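Here's the structure, in C-alpha cells; my notes come after.
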Amino acid sequence: MSKPPPIVQAQALTKVYGDLKAVDGVDFQINAGTCYGFLGPNGAGKTTVMRLIYCATPATSGKLLVNDLDVMLNMSAVKRGIGVVTQDDSLDYDLNVINNLLVYARYYDLTRTQANRRADELIDFFQLGEKRLENVRALSGGMKRRLLIARALINKPTILILDEPSTGLDPQARHHVWAKCHELIKQGVTLLLTTHYMDEAEQLCDKLAVMDRGRIVTEGSPWDLIKSEISAQVVEIRGDLPNRQTILTAVRDQVQYHELLADRLLLYTEDANPLYVQIQKMGIPVKTILSRRASLEDVFLKLTGRELID
Amino acid sequence: MKHSVPPVRLRSAWRVWQRNATVYKRTWKLNILPNFFEPFLYLLGMGIGLGAYINEMDGIPYLEFIAPGLLISSIMWGASLETTYNVFVKMNFDRIYDGILSTPVNPRDLALGELLWGATRGTIYGGAFFSILMLFGMGLHWGILLIFPLLFIIGFMFATIGLLFTSFIKEIELFNYFFTLFLTPLFLFSGIFFPLTQLPELIQVIAWFTPLYHGVELSRGIFNQQWSMDLFYHFLWILVVTILNTIIVLRSIHRRLYQ
C-alpha cells in the first residue's frame with residue numbers, strides 16, 4: 001500500500017524578522033489525519049511556523065507546501081483548506097454568536113443556505129445553542145474558545161490549526177476542548193497545534209516537534225521522545241542542595257541521565273523502585289522523595305530547560 | 001524570497017464590506033440621527049446666524065454659498081473617521097483582521113473592502129446632509145442628480161487618504177495630528193466659507209493641490225448650475241488622485257498586514 005503524501009511539508013523553512021531568526025531552517029512533514037504538535041517555550045518559533053502555514057506572513061526562504069500547494073504562490077487556495085484558531089481571541093466583538101459564524105462563512109463564499117446549515121451543526125457540536133443570539137462579550141473564556149474553533153471549522157477544512165488551544169482555560173473547559181479535538185481527528189481532520197502544556201501534547205498529539213530558538217530540536221511520538229531522550233521512570237528528590245548533591249554523587253553511575261535543578265534532583269532510570277529504596281536507606285534528610293513515570297515535561301526540560309545549575 | 005501577490009479579488013472585498021454593513025445594520029438607527037442634526041445645526045448657526053451679518057458672498061445668499069461645501073466636508077469627516085479610528089481599532093485592538101485574513105480574504109481585498117465601506121459611510125453622511133438641504137429648498141433641479149455619484153467618489157477619495165495614514169502609524173494618538181493639522185485646515189481653507197480669490201495667490205496654489213477644494217468647487221457648481229469645463233477638471237483631479245491613492249494604499253496595507 002502506498003503512503004499518501006504528507007499534507008504539510010516544510011524544507012529549510014526560515015523566517016527572519018530584522019535581526020531575529022524566528023524560524024531557522026526547519027524541516028517537517030505532517031501526515032493527513034494525524035495530530036501534530038509543536039512544543040516549546042515562549043519565543044521558540046511555534047506561532048511563527050503556524051503563521052507561515054496559514055499565510056499570515058511570507059517566508060524568508062525555504063519551501064512550504066500545504067495540501068500540495070506552495071504557500072508563497074497560492075495564498076487564497078491554501079487558506080481555503082485551513083481553519084485557524086488564533087492564540088489571541090480574534091472573534092468579532094461587534095457581532096453576536098451566530099453572526100460570528102455566518103459572517104465568517106461569507107469570507108469563504110458559502111451560500112446563505114450552506115452557511116446556515118453549517119453554523120447550526122457547529123453550534124450543536126460545540127454546545128453553544130443557548131448562547132446563539134448573545135453578544136460574544138457575554139461568553140465565558142471556554143465558550144469563546146469553542147466558538148473560535150467552531151468558526152475555524154465553518155468551511156470544513158482538511159487542516160485545523162490550533163495555536164495554544166487551551167491556554168487560559170479552566171480544567172473543565174480544557175478537557176472539553178480536548179474531547180472535541182479527539183472527535184475531529186476521528187472525523188479525519190488533520191490537527192496542527194502549538195502548546196507549552198505537556199499534558200495537552202501527550203493527550204492529543206501523535207507526533208511532536210520540540211522547538212527551541214527557531215529550530216526543531218527533536219521529533220517523534222510523545223512516548224518515543226520520553227524513551228529516547230531520557231528513560232521510562234524517574235526518582236524525584238526535593239530538599240537542601242548539599243544533601244541532594246551527596247545523593248547524586250552516590251548514585252550517579254546507576255542512572256542513565258540526571259538533572260540537578262534549583263529546587264529538585266531528577267534521576268532517570270529504567271526501573272525506579274530499587275533506586276528509590278536504596279536512596280531511602282541512605283538516610284540523608286530530604287523534604288520529599290518519590291518515584292514516578294517519566295513525562296514529556298522531563299523531556300521538555302532536558303531539551304529546552306535553562307534553569308539547570310550544573 | 002519570491003512570492004506572488006495575489007490579484008485583488010472584488011468578491012472578497014465585498015465580503016468585508018458586508019461584514020461592516022452587518023455591524024452597522026444593528027445600530028444604524030442610533031448612528032444615523034446625528035448625521036441629520038449636524039447639518040441642521042451648521043446651517044442654523046453659520047447660515048442664519050452669521051448670515052444675518054453677511055448677506056451675500058460672491059453674489060449668492062450666504063446660506064446657499066456655504067451649503068454645497070459643508071455637504072462635501074461632511075463626507076470628508078464621515079469617510080475619514082471610518083478608515084482612521086475605526087480601522088485602527090479593528091486592526092490593532094479588536095484583532096478582527098487576524099480572523100479575516102486567515103480566510104481566503106487577503107490584505108489587499110481587506111483594504112479595498114474598507115475603502116468601499118468608508119465611501120459608503122461618507123455617502124450616508126452626505127446623503128443625510130443633502131436631504132436637509134432640500135428641506136431648506138436648495139438643489140431643487142434635475143442637474144442635482146450628478147451630486148449622488150460625487151458623494152460616493154469623494155467619500156472614496158477621503159477613505160483612501162485616511163487609510164494611507166492609518167497604514168503607517170503605530171499609535172492611535174497620532175490621528176489627532178491627522179485631524180487637527182490636515183483635515184481641519186482643509187475644512188477652513190477650501191473655499192467653503194469664503195472664496196479663495198480673496199486670499200494671497202500662494203494659498204490658492206496650495207489649495208489646488210488639496211482634495212477638499214476640488215470637491216467644494218464641484219459641488220457649488222452643480223448646486224448653482226454653473227456648468228463649465230472647470231467642473232470637469234475638478235472632477236478629473238478627484239478621479240486621478242483617487243485612483244493613484246487607491247493603488248498606493250493597497251500596497252501599503254499589504255505591507256503592513258503581511259510581513
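Convention: chains lettered A, B, ... in C-alpha cells order; per-chain residue numbering from 1; ligands numbered from 1 as shown.
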Would you kindly return, as a count of residues only, each protein, DNA or RNA residue with an atom no farther than 12 Å from any atom of range 166-169 of chain B, considering only C-alpha atoms and excluding same-chain residues fewer than 2 positions away? 42
Could you list the residues in chain B lying within 9 Å of chain A, using only C-alpha atoms, and format the result as number ranges by chain? B: 1-6, 11-12, 15-16, 18-19, 22-23, 26, 94-106, 257-259
Export, as an mmCIF file, in the first residue's frame, the selected residues with C-alpha atoms.
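Written file, selection-v4.cif:
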```cif
data_model
loop_
_atom_site.group_PDB
_atom_site.id
_atom_site.type_symbol
_atom_site.label_atom_id
_atom_site.label_comp_id
_atom_site.auth_asym_id
_atom_site.auth_seq_id
_atom_site.Cartn_x
_atom_site.Cartn_y
_atom_site.Cartn_z
ATOM 1 C CA MET B 1 12.161 35.050 -1.490
ATOM 2 C CA LYS B 2 9.865 35.214 -4.467
ATOM 3 C CA HIS B 3 6.221 35.220 -3.717
ATOM 4 C CA SER B 4 3.301 36.196 -5.857
ATOM 5 C CA VAL B 5 0.980 38.900 -4.598
ATOM 6 C CA PRO B 6 -2.475 37.572 -5.372
ATOM 7 C CA ARG B 11 -15.729 39.433 -4.195
ATOM 8 C CA SER B 12 -13.543 39.208 -1.108
ATOM 9 C CA ARG B 15 -17.369 40.305 1.897
ATOM 10 C CA VAL B 16 -15.520 42.790 4.062
ATOM 11 C CA GLN B 18 -20.832 43.118 4.016
ATOM 12 C CA ARG B 19 -19.283 42.462 7.411
ATOM 13 C CA THR B 22 -23.957 43.724 9.145
ATOM 14 C CA VAL B 23 -22.467 45.511 12.129
ATOM 15 C CA ARG B 26 -27.558 46.575 14.172
ATOM 16 C CA ASP B 94 -10.035 44.047 18.436
ATOM 17 C CA ARG B 95 -7.751 41.863 16.266
ATOM 18 C CA ILE B 96 -10.641 41.382 13.858
ATOM 19 C CA TYR B 97 -8.329 41.396 10.844
ATOM 20 C CA ASP B 98 -6.369 38.429 12.230
ATOM 21 C CA GLY B 99 -9.538 36.409 11.890
ATOM 22 C CA ILE B 100 -10.488 37.761 8.470
ATOM 23 C CA LEU B 101 -7.017 37.290 6.979
ATOM 24 C CA SER B 102 -6.873 33.621 7.933
ATOM 25 C CA THR B 103 -9.713 33.095 5.436
ATOM 26 C CA PRO B 104 -9.296 33.402 1.639
ATOM 27 C CA VAL B 105 -9.553 37.192 2.071
ATOM 28 C CA ASN B 106 -6.101 38.731 1.517
ATOM 29 C CA LEU B 257 -0.564 43.194 7.276
ATOM 30 C CA TYR B 258 1.661 40.659 5.526
ATOM 31 C CA GLN B 259 5.172 40.995 6.885
#
```
Could you please write out, as an MDAnalysis selection string, every residue of range 4-117 of chain B that DSSP assigns to strand (DSSP E or B)? chainID B and resid 56:57 60:61
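Using only C-alpha atoms, the protein and nucleic acid residues lying no more than 12 Å from Pro185 in chain B, apart from those fewer than 6 places from it along its own chain, are B:Ser73, B:Tyr177, B:Phe178, B:Phe179, B:Gly191, B:Ile192, B:Ile203, B:Ile206, B:Ala207, B:Thr210, B:Pro211, B:Leu212, B:Tyr213.
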Atom pair CA of Ile32 in chain B / CA of Gly139 in chain B: separation (Å): 22.0 Å
To one decimal in Å, tell me the separation between CA of His214 in chain B and CA of Leu112 in chain B.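 Straight-line distance from CA of His214 in chain B to CA of Leu112 in chain B works out to 23.5 Å.
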Pick from B:Trp14, B:Trp117, B:Trp77, B:Phe136, whichever lies nearest to Leu44 in chain B using only C-alpha atoms: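 The answer is B:Phe136, which sits nearest to Leu44 in chain B.
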Would you pick out the contacts of Phe36 in chain B at 8 Å or less, using only C-alpha atoms, so that residues sharing its chain but fewer than 2 positions from it are not included, and give the list as a list in words? Ile32, Leu33, Pro34, Glu38, Pro39, Phe40, Ala128, Phe129 and Ile132 of chain B
Prev. selection, N, CA and C atoms, output as an mmCIF file, in the first residue's frame:
```cif
data_model
loop_
_atom_site.group_PDB
_atom_site.id
_atom_site.type_symbol
_atom_site.label_atom_id
_atom_site.label_comp_id
_atom_site.auth_asym_id
_atom_site.auth_seq_id
_atom_site.Cartn_x
_atom_site.Cartn_y
_atom_site.Cartn_z
ATOM 1 N N ILE B 32 -27.458 57.071 12.770
ATOM 2 C CA ILE B 32 -27.726 57.960 11.649
ATOM 3 C C ILE B 32 -28.294 59.312 12.102
ATOM 4 N N LEU B 33 -28.906 59.354 13.280
ATOM 5 C CA LEU B 33 -29.551 60.593 13.724
ATOM 6 C C LEU B 33 -28.619 61.800 13.757
ATOM 7 N N PRO B 34 -27.419 61.661 14.366
ATOM 8 C CA PRO B 34 -26.507 62.812 14.396
ATOM 9 C C PRO B 34 -26.178 63.338 13.003
ATOM 10 N N GLU B 38 -26.407 67.362 12.555
ATOM 11 C CA GLU B 38 -25.199 68.134 12.313
ATOM 12 C C GLU B 38 -25.397 69.209 11.245
ATOM 13 N N PRO B 39 -25.909 68.839 10.061
ATOM 14 C CA PRO B 39 -26.090 69.886 9.045
ATOM 15 C C PRO B 39 -27.096 70.927 9.490
ATOM 16 N N PHE B 40 -28.110 70.461 10.193
ATOM 17 C CA PHE B 40 -29.141 71.372 10.669
ATOM 18 C C PHE B 40 -28.529 72.456 11.548
ATOM 19 N N ALA B 128 -27.584 62.274 4.160
ATOM 20 C CA ALA B 128 -28.377 62.888 5.231
ATOM 21 C C ALA B 128 -28.301 64.405 5.129
ATOM 22 N N PHE B 129 -27.097 64.884 4.918
ATOM 23 C CA PHE B 129 -26.882 66.335 4.801
ATOM 24 C C PHE B 129 -27.698 66.902 3.635
ATOM 25 N N ILE B 132 -31.378 67.406 4.195
ATOM 26 C CA ILE B 132 -31.692 68.617 4.959
ATOM 27 C C ILE B 132 -31.634 69.857 4.056
#
```
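Note that CA of Lys156 in chain A and CA of Leu52 in chain A are 20.6 Å apart.
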Write out as a list in words which residues come within 10 Å of Tyr36 in chain A when counting only C-alpha atoms, dropping same-chain ones fewer than 3 positions away.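 So the residues in contact are Gln29, Ile30, Asn31, Ala32, Gly33, Leu39, Ile161, Thr190, Leu191, Leu192, Leu193, Thr194, Ala201, Leu204, Cys205, Asp206, Lys207, Leu208, Ala209, Gly220 and Ser221 of chain A.
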Which residues in range 133-287 of chain A does DSSP call alpha helix (DSSP H)? List them as a PyMOL selection string. chain A and resi 141-152+171-186+198-204+222-229+241-251+272-282
Write out as an MDAnalysis selection string which residues come within 7 Å of Gly214 in chain A when counting only C-alpha atoms, dropping same-chain ones fewer than 6 positions away. chainID A and resid 21:24 44:45
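Of the listed residues (A:Leu64, A:Ala138, A:Ile149, A:Leu261), A:Ile149 comes nearest to Ile123 in chain A; the distances count only C-alpha atoms.
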